[in-house]
file query.txt (compact mmCIF, C-alpha atoms)
# COMPACT_ATOMS: atom_id res chain seq x y z
CA MET A 1 -8.78 68.38 41.15
CA ALA A 2 -5.73 67.31 43.06
CA VAL A 3 -3.24 64.68 41.93
CA ILE A 4 -3.02 61.75 44.30
CA HIS A 5 0.38 60.05 44.55
CA ASP A 6 -0.01 56.32 44.96
CA ASP A 7 3.12 55.35 46.94
CA PHE A 8 1.55 52.05 47.94
CA GLY A 9 1.91 50.65 44.38
CA ARG A 10 5.58 51.69 44.13
CA ARG A 11 6.44 50.25 47.54
CA ARG A 12 4.69 47.01 46.72
CA PHE A 13 6.52 46.75 43.39
CA LEU A 14 9.94 47.42 44.96
CA SER A 15 9.26 45.00 47.81
CA GLN A 16 8.26 42.23 45.41
CA ALA A 17 11.21 42.97 43.11
CA VAL A 18 13.69 42.66 46.01
CA MET A 19 12.05 39.44 47.19
CA ALA A 20 12.10 38.00 43.66
CA PHE A 21 15.81 38.89 43.31
CA GLY A 22 16.56 37.22 46.67
CA ALA A 23 14.57 34.12 45.72
CA LEU A 24 16.37 33.84 42.35
CA PHE A 25 19.75 34.31 44.03
CA GLY A 26 18.93 31.64 46.64
CA MET A 27 17.65 29.18 44.03
CA GLY A 28 20.78 29.75 41.92
CA ALA A 29 23.06 29.06 44.88
CA LEU A 30 21.06 25.94 45.71
CA ALA A 31 21.22 24.75 42.09
CA LEU A 32 24.99 25.33 42.01
CA ARG A 33 25.53 23.23 45.16
CA PHE A 34 23.24 20.52 43.81
CA MET A 35 25.24 20.35 40.57
CA GLN A 36 28.48 20.16 42.57
CA PHE A 37 26.98 17.22 44.46
CA LEU A 38 25.96 15.43 41.26
CA VAL A 39 29.28 16.03 39.49
CA PRO A 40 32.04 16.12 42.12
CA SER A 41 35.42 17.47 41.15
CA GLN A 42 37.86 14.72 40.24
CA LYS A 43 41.13 14.96 42.12
CA PRO A 44 43.95 12.92 40.65
CA ARG A 45 44.76 9.91 42.82
CA ARG A 46 48.29 9.98 44.13
CA TYR A 47 50.15 6.71 44.46
CA GLU A 48 53.43 6.14 46.25
CA ALA A 49 55.75 3.18 45.79
CA VAL A 50 56.41 1.98 49.35
CA LEU A 51 59.43 -0.26 49.99
CA ILE A 52 58.40 -3.50 51.68
CA GLY A 53 61.72 -5.37 51.57
CA ALA A 54 63.94 -7.76 49.62
CA GLU A 55 62.18 -10.26 47.40
CA ALA A 56 64.55 -13.07 48.43
CA ARG A 57 63.59 -12.75 52.11
CA LEU A 58 59.84 -13.06 51.56
CA PRO A 59 58.73 -16.56 52.68
CA MET A 60 57.12 -18.81 50.06
CA GLY A 61 53.42 -19.59 50.55
CA GLU A 62 53.00 -17.65 53.79
CA PRO A 63 51.53 -14.13 53.63
CA VAL A 64 53.18 -11.35 55.60
CA PRO A 65 50.84 -8.77 57.20
CA MET A 66 51.92 -5.12 56.95
CA ASN A 67 50.62 -1.66 57.74
CA LEU A 68 51.55 0.86 55.03
CA GLY A 69 50.44 4.37 55.88
CA GLY A 70 47.10 3.19 57.27
CA HIS A 71 46.59 0.51 54.61
CA LYS A 72 46.54 -2.96 56.13
CA ILE A 73 47.84 -5.43 53.54
CA MET A 74 49.13 -8.98 53.19
CA VAL A 75 51.94 -9.82 50.79
CA LEU A 76 51.91 -13.40 49.49
CA LYS A 77 54.66 -15.10 47.48
CA THR A 78 53.49 -18.12 45.46
CA GLU A 79 54.70 -20.08 42.43
CA GLU A 80 52.67 -17.68 40.24
CA GLY A 81 54.43 -14.62 41.67
CA ILE A 82 54.04 -12.02 44.40
CA ALA A 83 50.72 -10.38 45.19
CA ALA A 84 49.63 -7.79 47.75
CA PHE A 85 46.05 -7.85 49.02
CA SER A 86 44.07 -5.57 51.29
CA ARG A 87 43.25 -7.23 54.61
CA ARG A 88 39.80 -5.60 54.60
CA CYS A 89 37.02 -8.04 53.80
CA THR A 90 34.82 -6.79 50.96
CA ASP A 91 31.68 -7.65 52.95
CA LEU A 92 31.84 -5.46 56.08
CA GLY A 93 35.50 -4.43 56.29
CA CYS A 94 36.64 -6.96 58.91
CA LEU A 95 40.33 -7.94 58.87
CA VAL A 96 40.94 -11.22 57.07
CA SER A 97 43.58 -13.67 58.25
CA TRP A 98 45.46 -16.52 56.60
CA SER A 99 44.56 -20.13 57.36
CA LYS A 100 47.66 -22.30 56.91
CA GLU A 101 45.64 -25.52 56.97
CA ARG A 102 43.30 -24.43 54.19
CA GLY A 103 45.71 -22.18 52.28
CA GLN A 104 43.05 -19.47 52.12
CA PHE A 105 42.21 -16.05 53.48
CA VAL A 106 39.36 -16.26 56.02
CA CYS A 107 37.15 -13.49 57.39
CA PRO A 108 36.28 -14.35 61.01
CA CYS A 109 33.15 -12.17 61.15
CA HIS A 110 30.89 -13.83 58.57
CA GLN A 111 33.00 -16.81 57.43
CA GLY A 112 33.95 -15.24 54.11
CA VAL A 113 36.64 -17.25 52.30
CA PHE A 114 39.09 -16.04 49.64
CA ASP A 115 41.59 -18.18 47.73
CA LYS A 116 45.30 -17.36 47.37
CA THR A 117 44.54 -15.10 44.40
CA GLY A 118 42.12 -13.04 46.51
CA ARG A 119 39.02 -14.35 44.70
CA ASN A 120 35.92 -14.74 46.90
CA ILE A 121 34.95 -18.42 46.96
CA ALA A 122 32.55 -18.74 49.92
CA GLY A 123 30.46 -16.66 52.27
CA PRO A 124 28.84 -13.26 51.86
CA PRO A 125 31.72 -11.14 50.39
CA PRO A 126 30.39 -9.68 47.12
CA ARG A 127 33.75 -9.30 45.36
CA PRO A 128 37.42 -10.34 45.58
CA LEU A 129 39.94 -8.74 47.94
CA ASP A 130 41.37 -5.44 46.74
CA ARG A 131 44.82 -5.85 45.19
CA TYR A 132 47.81 -3.56 45.25
CA GLN A 133 50.36 -3.38 42.46
CA VAL A 134 53.72 -4.91 43.38
CA VAL A 135 56.83 -3.51 41.64
CA ARG A 136 60.31 -5.09 41.60
CA ARG A 137 63.35 -2.81 41.49
CA ASN A 138 66.87 -4.15 41.98
CA GLY A 139 65.72 -7.13 44.04
CA GLN A 140 63.54 -4.95 46.27
CA LEU A 141 59.75 -5.06 46.38
CA TYR A 142 57.58 -1.95 46.38
CA VAL A 143 53.81 -1.70 46.72
CA ASN A 144 51.92 1.17 45.08
CA ILE A 145 49.42 2.52 47.59
CA HIS A 146 47.02 5.44 47.41
CA MET A 147 48.24 8.20 49.72
CA LYS A 148 45.84 10.67 51.35
CA GLY A 149 47.53 13.73 52.77
CA GLU A 150 50.61 13.16 54.91
CA GLU A 151 50.31 9.51 55.89
CA LYS A 152 53.77 8.61 54.65
CA VAL A 153 56.08 6.25 56.50
CA ARG A 154 59.69 7.28 55.82
CA ASP A 155 63.05 5.84 56.84
CA ALA A 156 64.82 8.33 59.13
CA GLY A 157 68.24 7.80 57.55
CA SER A 158 67.56 7.63 53.82
CA GLY A 159 64.19 9.37 53.62
CA ARG A 160 62.79 6.45 51.59
CA LEU A 161 59.25 5.26 52.15
CA ILE A 162 59.18 2.09 54.24
CA ALA A 163 56.64 -0.34 55.65
CA LYS A 164 55.67 -0.88 59.26
CA SER A 165 55.54 -4.64 59.73
CA GLY A 166 57.04 -7.53 61.59
CA TRP A 167 58.98 -8.49 58.46
CA THR A 168 62.08 -6.55 57.42
CA GLY A 169 63.66 -7.39 54.16
call {"tool": "encode", "arguments": {"input": "query.txt", "output": "structure tokens"}}
result
Amino acid sequence: MAVIHDDFGRRRFLSQAVMAFGALFGMGALALRFMQFLVPSQKPRRYEAVLIGAEARLPMGEPVPMNLGGHKIMVLKTEEGIAAFSRRCTDLGCLVSWSKERGQFVCPCHQGVFDKTGRNIAGPPPRPLDRYQVVRRNGQLYVNIHMKGEEKVRDAGSGRLIAKSGWTG
């Protein structure tokens, strides 16, 4: 009696083993990407103190709009102190403006109203205006803003960070 070699069983086993390895490798790569999506890597936020001008030259009770490295802000000097707010409405991101008559920030898109502390008091905005930290150094005012990449605004002579605005202190 002759011995019959059954190559079909070996080929089937090797084929299924390679497919199983490929499937496990693919599922592992997919699981890794899914975990990276669920737990994103935390990059430290980088803040820069941007010079906005002399404190003495900031007008009382009238906010000054500025553009600091792509961040549109308003700086307001009141009896309570100096505050810097984002001009982006917390509802849909429209630019808020200051109403002198009312003494409030007003969003023209959906009639959102914020008081002089940035607190939402009327309309659809779900939360107060975002605030920026204001720092005083030697009579100069600086605002700490979150910098992404190379969006710095520097003075050509001194190399210090400066603001782009209609107000120069």
call {"tool": "residues_around", "arguments": {"input": "query.txt", "residues": "range 106-111 of chain A", "least_positions_apart": "2", "cutoff": "7 Å", "atoms": "all atoms listed in the file", "output": "PyMOL selection string"}}
result
chain A and resi 89+94-99+104+113-114+123
call {"tool": "atom_distance", "arguments": {"input": "query.txt", "atom1": "CA of Lys116 in chain A", "atom2": "CA of Gly103 in chain A"}}
result
6.9 Å
call {"tool": "closest_residue", "arguments": {"input": "query.txt", "among": "A:Glu80, A:Glu62, A:Arg57, A:Val50", "to": "Arg137 in chain A", "atoms": "only C-alpha atoms"}}
result
A:Val50
call {"tool": "atom_distance", "arguments": {"input": "query.txt", "atom1": "CA of Glu55 in chain A", "atom2": "CA of Gly139 in chain A"}}
result
5.8 Å
call {"tool": "residues_around", "arguments": {"input": "query.txt", "residues": "Tyr142 in chain A", "least_positions_apart": "4", "cutoff": "7 Å", "atoms": "only C-alpha atoms", "output": "JSON, numbers by chain"}}
result
{"A": [49, 50, 51, 52, 134, 135, 136]}
call {"tool": "closest_residue", "arguments": {"input": "query.txt", "among": "A:Arg11, A:Arg45, A:Lys100, A:His71", "to": "Asp130 in chain A", "atoms": "all atoms listed in the file"}}
result
A:His71
call {"tool": "atom_distance", "arguments": {"input": "query.txt", "atom1": "CA of Asn67 in chain A", "atom2": "CA of Gly53 in chain A"}}
result
13.2 Å
call {"tool": "closest_residue", "arguments": {"input": "query.txt", "among": "A:Ala31, A:Leu92, A:Ile121, A:Val75", "to": "Gln133 in chain A", "atoms": "all atoms listed in the file"}}
result
A:Val75
call {"tool": "closest_residue", "arguments": {"input": "query.txt", "among": "A:Pro126, A:Gly61, A:Gly81, A:Gly26", "to": "Arg102 in chain A", "atoms": "only C-alpha atoms"}}
result
A:Gly61
call {"tool": "decode", "arguments": {"input": "query.txt", "residues": "range 13-157 of chain A", "atoms": "C-alpha atoms", "output": "compact mmCIF listing (two decimals), in the first residue's frame"}}
result
# COMPACT_ATOMS: atom_id res chain seq x y z
CA PHE A 13 -3.61 25.17 7.77
CA LEU A 14 -0.87 27.57 6.61
CA SER A 15 -3.37 29.72 4.71
CA GLN A 16 -5.64 30.01 7.74
CA ALA A 17 -2.69 30.68 10.05
CA VAL A 18 -1.46 33.57 7.85
CA MET A 19 -4.98 35.00 7.63
CA ALA A 20 -5.43 34.72 11.41
CA PHE A 21 -2.09 36.49 11.99
CA GLY A 22 -3.10 39.27 9.57
CA ALA A 23 -6.50 39.65 11.23
CA LEU A 24 -4.93 39.83 14.71
CA PHE A 25 -2.37 42.37 13.51
CA GLY A 26 -5.10 44.50 11.90
CA MET A 27 -7.34 44.34 14.98
CA GLY A 28 -4.40 45.29 17.20
CA ALA A 29 -3.58 48.32 15.05
CA LEU A 30 -7.25 49.33 15.07
CA ALA A 31 -7.45 48.93 18.86
CA LEU A 32 -4.29 51.03 19.30
CA ARG A 33 -5.72 53.88 17.19
CA PHE A 34 -9.03 53.66 19.04
CA MET A 35 -7.26 53.95 22.40
CA GLN A 36 -5.28 56.94 21.11
CA PHE A 37 -8.60 58.54 20.16
CA LEU A 38 -10.12 57.90 23.58
CA VAL A 39 -7.06 59.08 25.52
CA PRO A 40 -5.33 61.80 23.47
CA SER A 41 -1.83 62.83 24.41
CA GLN A 42 -1.77 65.93 26.58
CA LYS A 43 0.53 68.61 25.26
CA PRO A 44 1.42 71.31 27.76
CA ARG A 45 -0.29 74.59 26.92
CA ARG A 46 2.16 77.36 26.22
CA TYR A 47 1.28 80.86 27.33
CA GLU A 48 3.06 84.05 26.37
CA ALA A 49 2.83 87.38 28.18
CA VAL A 50 2.04 89.87 25.40
CA LEU A 51 2.66 93.58 26.05
CA ILE A 52 -0.49 95.62 25.45
CA GLY A 53 0.71 99.02 26.71
CA ALA A 54 0.98 101.37 29.68
CA GLU A 55 -1.69 101.05 32.34
CA ALA A 56 -1.97 104.84 32.72
CA ARG A 57 -2.94 105.30 29.05
CA LEU A 58 -5.82 102.80 29.11
CA PRO A 59 -9.13 104.76 29.11
CA MET A 60 -11.46 104.23 32.08
CA GLY A 61 -14.75 102.45 31.33
CA GLU A 62 -14.18 102.06 27.59
CA PRO A 63 -12.88 98.71 26.30
CA VAL A 64 -10.07 98.69 23.76
CA PRO A 65 -10.27 96.01 21.03
CA MET A 66 -6.99 94.25 20.16
CA ASN A 67 -5.72 91.39 18.02
CA LEU A 68 -3.01 89.40 19.79
CA GLY A 69 -1.57 86.65 17.62
CA GLY A 70 -4.98 85.70 16.24
CA HIS A 71 -6.80 86.17 19.55
CA LYS A 72 -9.37 88.96 19.34
CA ILE A 73 -9.73 90.52 22.79
CA MET A 74 -11.13 93.58 24.55
CA VAL A 75 -9.32 95.15 27.49
CA LEU A 76 -11.57 97.01 29.93
CA LYS A 77 -10.44 99.24 32.80
CA THR A 78 -13.05 99.72 35.54
CA GLU A 79 -13.08 100.74 39.21
CA GLU A 80 -12.66 97.03 40.09
CA GLY A 81 -9.51 96.71 37.97
CA ILE A 82 -8.42 95.72 34.49
CA ALA A 83 -9.85 92.71 32.68
CA ALA A 84 -9.25 91.20 29.25
CA PHE A 85 -12.07 89.30 27.54
CA SER A 86 -12.29 87.30 24.35
CA ARG A 87 -14.43 89.03 21.73
CA ARG A 88 -15.86 85.66 20.65
CA CYS A 89 -19.42 85.12 21.82
CA THR A 90 -19.82 81.83 23.67
CA ASP A 91 -22.95 81.00 21.66
CA LEU A 92 -21.78 80.79 18.03
CA GLY A 93 -18.44 82.63 18.02
CA CYS A 94 -19.65 85.98 16.65
CA LEU A 95 -17.60 89.06 17.59
CA VAL A 96 -19.12 90.98 20.49
CA SER A 97 -18.98 94.76 20.65
CA TRP A 98 -19.30 97.30 23.46
CA SER A 99 -22.48 99.33 23.87
CA LYS A 100 -21.62 102.66 25.52
CA GLU A 101 -25.26 103.45 26.27
CA ARG A 102 -25.86 100.19 28.10
CA GLY A 103 -22.35 99.64 29.46
CA GLN A 104 -22.46 96.03 28.26
CA PHE A 105 -20.95 93.71 25.68
CA VAL A 106 -23.51 92.86 22.98
CA CYS A 107 -23.45 90.06 20.41
CA PRO A 108 -25.14 91.33 17.22
CA CYS A 109 -25.98 87.86 15.86
CA HIS A 110 -28.40 86.54 18.48
CA GLN A 111 -28.71 89.48 20.89
CA GLY A 112 -26.53 87.91 23.57
CA VAL A 113 -25.67 90.37 26.35
CA PHE A 114 -22.72 90.27 28.76
CA ASP A 115 -22.08 92.65 31.65
CA LYS A 116 -18.77 94.46 32.26
CA THR A 117 -17.42 91.42 34.11
CA GLY A 118 -18.09 89.20 31.08
CA ARG A 119 -20.99 87.35 32.73
CA ASN A 120 -23.81 86.33 30.36
CA ILE A 121 -26.99 88.11 31.44
CA ALA A 122 -29.35 87.78 28.44
CA GLY A 123 -29.79 85.86 25.23
CA PRO A 124 -28.64 82.41 24.18
CA PRO A 125 -24.93 82.41 25.25
CA PRO A 126 -24.48 79.40 27.56
CA ARG A 127 -21.54 80.76 29.57
CA PRO A 128 -19.59 83.97 30.28
CA LEU A 129 -16.99 85.44 27.93
CA ASP A 130 -13.57 83.80 28.11
CA ARG A 131 -11.12 85.82 30.21
CA TYR A 132 -7.41 86.33 29.82
CA GLN A 133 -5.06 86.90 32.72
CA VAL A 134 -3.75 90.48 32.91
CA VAL A 135 -0.32 91.01 34.50
CA ARG A 136 1.17 94.35 35.63
CA ARG A 137 4.94 94.83 35.40
CA ASN A 138 6.55 98.24 35.95
CA GLY A 139 3.43 100.16 34.90
CA GLN A 140 3.02 98.07 31.74
CA LEU A 141 0.16 95.66 31.11
CA TYR A 142 0.66 92.18 29.70
CA VAL A 143 -1.98 89.62 28.72
CA ASN A 144 -1.22 85.90 28.95
CA ILE A 145 -2.46 84.23 25.78
CA HIS A 146 -2.24 80.66 24.57
CA MET A 147 0.20 80.48 21.65
CA LYS A 148 -0.11 77.85 18.92
CA GLY A 149 2.98 77.47 16.80
CA GLU A 150 4.57 80.66 15.49
CA GLU A 151 1.77 83.20 15.81
CA LYS A 152 3.86 85.65 17.79
CA VAL A 153 3.72 89.39 17.25
CA ARG A 154 7.14 90.88 18.07
CA ASP A 155 8.50 94.42 18.14
CA ALA A 156 11.15 94.79 15.42
CA GLY A 157 13.51 96.85 17.60
